[in-house]
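For reference, the structure discussed in these notes is given below.
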Amino acid sequence: QQSLPEKARISTQKVAMAMDAFVPPGCGLVRSRAVSPTACTAVRRSGADGPSRSRRVSRTVMMAGTPKVPYKAPGSQSYEFIDIYNRLYRDRILFINTDLDIEQANQMIAILLFLDQQDANAPVTIYFNCPGGETNAGLAIYDTMQSMKYPIHTLNLGLSAGMGAFLVGAGTKGKRMSLPNARFLMQAPIMQDPFRGPASDVALEVDEVLRQRKRVIQGFSKFTGRSEEQLKRDMDRDMYLTAYEARDYGLIDAILLPKDQGPSKQYVAGLGAPSAL
């Protein structure tokens, strides 16, 4: 006669083997045989309340960290896994998807300089889904973009606010684009944090913010072809633009629309349904 711990150990092994049976080899999931007795009890009890039937044990796999994709370096005999952003820039594609700060700007500048050394003529594409960021960081990226010889394509995927909208407009004329449901937020620099100190220091800080505001308005004037006086009035408050409004305003040049090609010849009964023909 087996003891209770021995029965629990045998049941644990059986449940682990049943769960691994539903994980096909090569699918990217890690086969884990470490199943706690509590989990086994839960699995066994779940079938005791209803009719006996064959059921698949499902496991939820959570993605943690930056996604990684396989990459084979030129001349290499094997693949290695690198994060997806590094894989994109190897194809001359950059993706700005966080608030711009000094660290983010330094990384972008380093990549732009490297791509210029690699090929000074091949175009570079920068995708944006950027909620804004520091003005100094954005201007540093802008100055680097202007000094590059290759054309720079810019594309707003979702929201480009503040310096994000500024950098989208800073792309090569004729190559600045947006998706139809993307939005732009044009706004002038402001004092982000409460500034404390003597009145003379506060005055210096205000002068610096006004200088940055003037520089940003000059940049938008260059991108859009509109006068600085009009931009000062428009940007006195936050100015939201749809993709179509941004095109009419001169901030971008084109809107990318999906091409309607009709239903696929392989599928006739909906998404993922095999063809009956």
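Identifiers in the structure tokens: chain A, B, ... in order shown; residue index from 1 per chain; ligand index from 1 in order shown.
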Per residue of region 63-140 of chain A within 9 Å of region 181-204 of chain A, what are the shortest atom pair and its distance in Å to one decimal, counting only C-alpha atoms, with rows by chain and residue number, as a Markdown table?
```
| residue | atom | partner | partner_atom | distance |
| --- | --- | --- | --- | --- |
| A:Asn129 | CA | A:Ala182 | CA | 8.8 |
| A:Pro131 | CA | A:Leu185 | CA | 8.9 |
| A:Gly132 | CA | A:Leu185 | CA | 8.9 |
| A:Glu134 | CA | A:Pro189 | CA | 8.5 |
| A:Thr135 | CA | A:Pro189 | CA | 6.8 |
```
Those same residues - all heavy atoms - I'd like them written as a compact mmCIF listing (two decimals), in the first residue's frame.
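Writing the result to out.txt gives the following:
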```txt
# COMPACT_ATOMS: atom_id res chain seq x y z
N ASN A 129 5.77 56.31 -32.15
CA ASN A 129 4.58 56.22 -31.30
C ASN A 129 5.01 56.79 -29.97
O ASN A 129 5.15 56.10 -28.97
CB ASN A 129 4.09 54.78 -31.17
CG ASN A 129 2.70 54.70 -30.59
OD1 ASN A 129 2.00 55.70 -30.46
ND2 ASN A 129 2.28 53.50 -30.22
N PRO A 131 5.04 59.66 -26.86
CA PRO A 131 4.21 60.59 -26.09
C PRO A 131 4.88 61.92 -25.78
O PRO A 131 4.30 62.75 -25.07
CB PRO A 131 3.94 59.82 -24.80
CG PRO A 131 5.13 58.95 -24.64
CD PRO A 131 5.58 58.57 -26.02
N GLY A 132 6.09 62.16 -26.27
CA GLY A 132 6.76 63.44 -26.02
C GLY A 132 8.15 63.22 -25.45
O GLY A 132 8.78 62.20 -25.69
N GLU A 134 11.87 65.32 -23.52
CA GLU A 134 12.64 66.51 -23.21
C GLU A 134 13.00 67.26 -24.50
O GLU A 134 13.37 66.65 -25.50
CB GLU A 134 13.92 66.12 -22.46
CG GLU A 134 13.66 65.40 -21.15
CD GLU A 134 14.95 64.95 -20.48
OE1 GLU A 134 16.03 65.36 -20.97
OE2 GLU A 134 14.87 64.20 -19.49
N THR A 135 12.92 68.57 -24.43
CA THR A 135 13.20 69.39 -25.61
C THR A 135 14.67 69.27 -26.03
O THR A 135 14.97 69.14 -27.21
CB THR A 135 12.85 70.85 -25.32
OG1 THR A 135 11.48 70.95 -24.92
CG2 THR A 135 13.06 71.71 -26.56
```
As a tab-separated table (two decimals) with N, CA and C atoms, in the first residue's frame, please: the residues near region 122-128 of chain A (cut-off 6 Å, only C-alpha atoms, same-chain neighbours under 3 positions excluded).
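Listed below is the output, around.tsv:
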```tsv
chain	number	residue	atom	x	y	z
A	92	ARG	N	18.06	49.26	-41.05
A	92	ARG	CA	17.95	50.72	-41.16
A	92	ARG	C	16.54	51.21	-40.80
A	93	ILE	N	15.97	50.59	-39.77
A	93	ILE	CA	14.66	50.98	-39.25
A	93	ILE	C	14.81	51.28	-37.76
A	94	LEU	N	14.36	52.46	-37.34
A	94	LEU	CA	14.39	52.84	-35.94
A	94	LEU	C	12.97	53.03	-35.45
A	95	PHE	N	12.76	52.79	-34.17
A	95	PHE	CA	11.43	52.87	-33.58
A	95	PHE	C	11.52	53.67	-32.28
A	96	ILE	N	10.87	54.83	-32.25
A	96	ILE	CA	10.82	55.66	-31.05
A	96	ILE	C	9.45	55.44	-30.41
A	119	ASP	N	26.43	53.17	-44.66
A	119	ASP	CA	26.00	53.50	-46.02
A	119	ASP	C	25.41	54.91	-45.98
A	150	TYR	N	21.97	60.69	-45.88
A	150	TYR	CA	20.92	59.82	-46.42
A	150	TYR	C	19.54	60.41	-46.16
A	151	PRO	N	18.55	60.07	-47.00
A	151	PRO	CA	17.18	60.51	-46.74
A	151	PRO	C	16.59	59.79	-45.54
A	152	ILE	N	15.76	60.50	-44.78
A	152	ILE	CA	15.15	59.94	-43.57
A	152	ILE	C	13.64	59.95	-43.75
A	153	HIS	N	13.04	58.77	-43.77
A	153	HIS	CA	11.59	58.63	-43.85
A	153	HIS	C	11.04	58.60	-42.42
A	154	THR	N	9.97	59.32	-42.17
A	154	THR	CA	9.34	59.30	-40.85
A	154	THR	C	7.89	58.86	-40.99
A	155	LEU	N	7.41	58.11	-40.00
A	155	LEU	CA	6.04	57.58	-40.04
A	155	LEU	C	5.47	57.58	-38.63
A	156	ASN	N	4.33	58.25	-38.46
A	156	ASN	CA	3.62	58.27	-37.18
A	156	ASN	C	2.66	57.09	-37.15
A	157	LEU	N	2.86	56.20	-36.18
A	157	LEU	CA	2.02	55.00	-36.08
A	157	LEU	C	0.78	55.22	-35.21
```
Near-Ala120 (chain A) list (8 Å; only C-alpha atoms; drop same-chain fewer than 2 positions) as a PDB file with N, CA, C and O atoms, in the first residue's frame:
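Writing done, so here's around06.pdb:
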```pdb
ATOM      1  N   LEU A 115      24.812  54.216 -38.948  1.00  0.00           N
ATOM      2  CA  LEU A 115      24.202  53.963 -40.253  1.00  0.00           C
ATOM      3  C   LEU A 115      24.800  54.867 -41.334  1.00  0.00           C
ATOM      4  O   LEU A 115      24.896  54.475 -42.495  1.00  0.00           O
ATOM      5  N   ASP A 116      25.206  56.068 -40.943  1.00  0.00           N
ATOM      6  CA  ASP A 116      25.851  56.960 -41.911  1.00  0.00           C
ATOM      7  C   ASP A 116      27.208  56.410 -42.327  1.00  0.00           C
ATOM      8  O   ASP A 116      27.600  56.506 -43.495  1.00  0.00           O
ATOM      9  N   GLN A 117      27.945  55.832 -41.380  1.00  0.00           N
ATOM     10  CA  GLN A 117      29.226  55.236 -41.715  1.00  0.00           C
ATOM     11  C   GLN A 117      29.057  53.956 -42.527  1.00  0.00           C
ATOM     12  O   GLN A 117      29.885  53.631 -43.383  1.00  0.00           O
ATOM     13  N   GLN A 118      27.982  53.252 -42.271  1.00  0.00           N
ATOM     14  CA  GLN A 118      27.737  51.995 -42.982  1.00  0.00           C
ATOM     15  C   GLN A 118      27.355  52.233 -44.427  1.00  0.00           C
ATOM     16  O   GLN A 118      27.847  51.562 -45.331  1.00  0.00           O
ATOM     17  N   ALA A 122      21.838  55.001 -48.478  1.00  0.00           N
ATOM     18  CA  ALA A 122      20.627  54.205 -48.268  1.00  0.00           C
ATOM     19  C   ALA A 122      19.702  54.909 -47.285  1.00  0.00           C
ATOM     20  O   ALA A 122      20.154  55.440 -46.262  1.00  0.00           O
ATOM     21  N   MET A 148      22.856  64.274 -41.490  1.00  0.00           N
ATOM     22  CA  MET A 148      23.041  63.025 -42.206  1.00  0.00           C
ATOM     23  C   MET A 148      22.842  63.224 -43.710  1.00  0.00           C
ATOM     24  O   MET A 148      22.007  64.029 -44.132  1.00  0.00           O
ATOM     25  N   LYS A 149      23.594  62.466 -44.506  1.00  0.00           N
ATOM     26  CA  LYS A 149      23.498  62.583 -45.960  1.00  0.00           C
ATOM     27  C   LYS A 149      22.334  61.774 -46.524  1.00  0.00           C
ATOM     28  O   LYS A 149      21.785  62.120 -47.564  1.00  0.00           O
ATOM     29  N   TYR A 150      21.973  60.687 -45.882  1.00  0.00           N
ATOM     30  CA  TYR A 150      20.924  59.819 -46.419  1.00  0.00           C
ATOM     31  C   TYR A 150      19.535  60.413 -46.155  1.00  0.00           C
ATOM     32  O   TYR A 150      19.337  61.168 -45.196  1.00  0.00           O
TER      33      TYR A 150
END
```
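Between CA of Cys130 (chain A) and CA of Gly164 (chain A) lies a distance of 5.4 Å.
When only C-alpha atoms are used to compute distances to Ala137 (chain A), the closest of the residues A:Pro74, A:Pro180, A:Gly162, A:Gly169 turns out to be A:Gly162.
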Based on the backbone DSSP call, show me all residues of region 25-251 of chain A assigned alpha helix (DSSP H), as a VMD selection string. chain A and resid 37 to 46 84 to 90 102 to 118 135 to 147 163 to 169 199 to 224 228 to 234 243 to 249
Computed interatomic separation between CA of Ile82 (chain A) and CA of Leu179 (chain A) (Å): 27.9 Å
So what do you get for CA of Met108 (chain A) versus CA of Gly171 (chain A), distance-wise? 14.5 Å
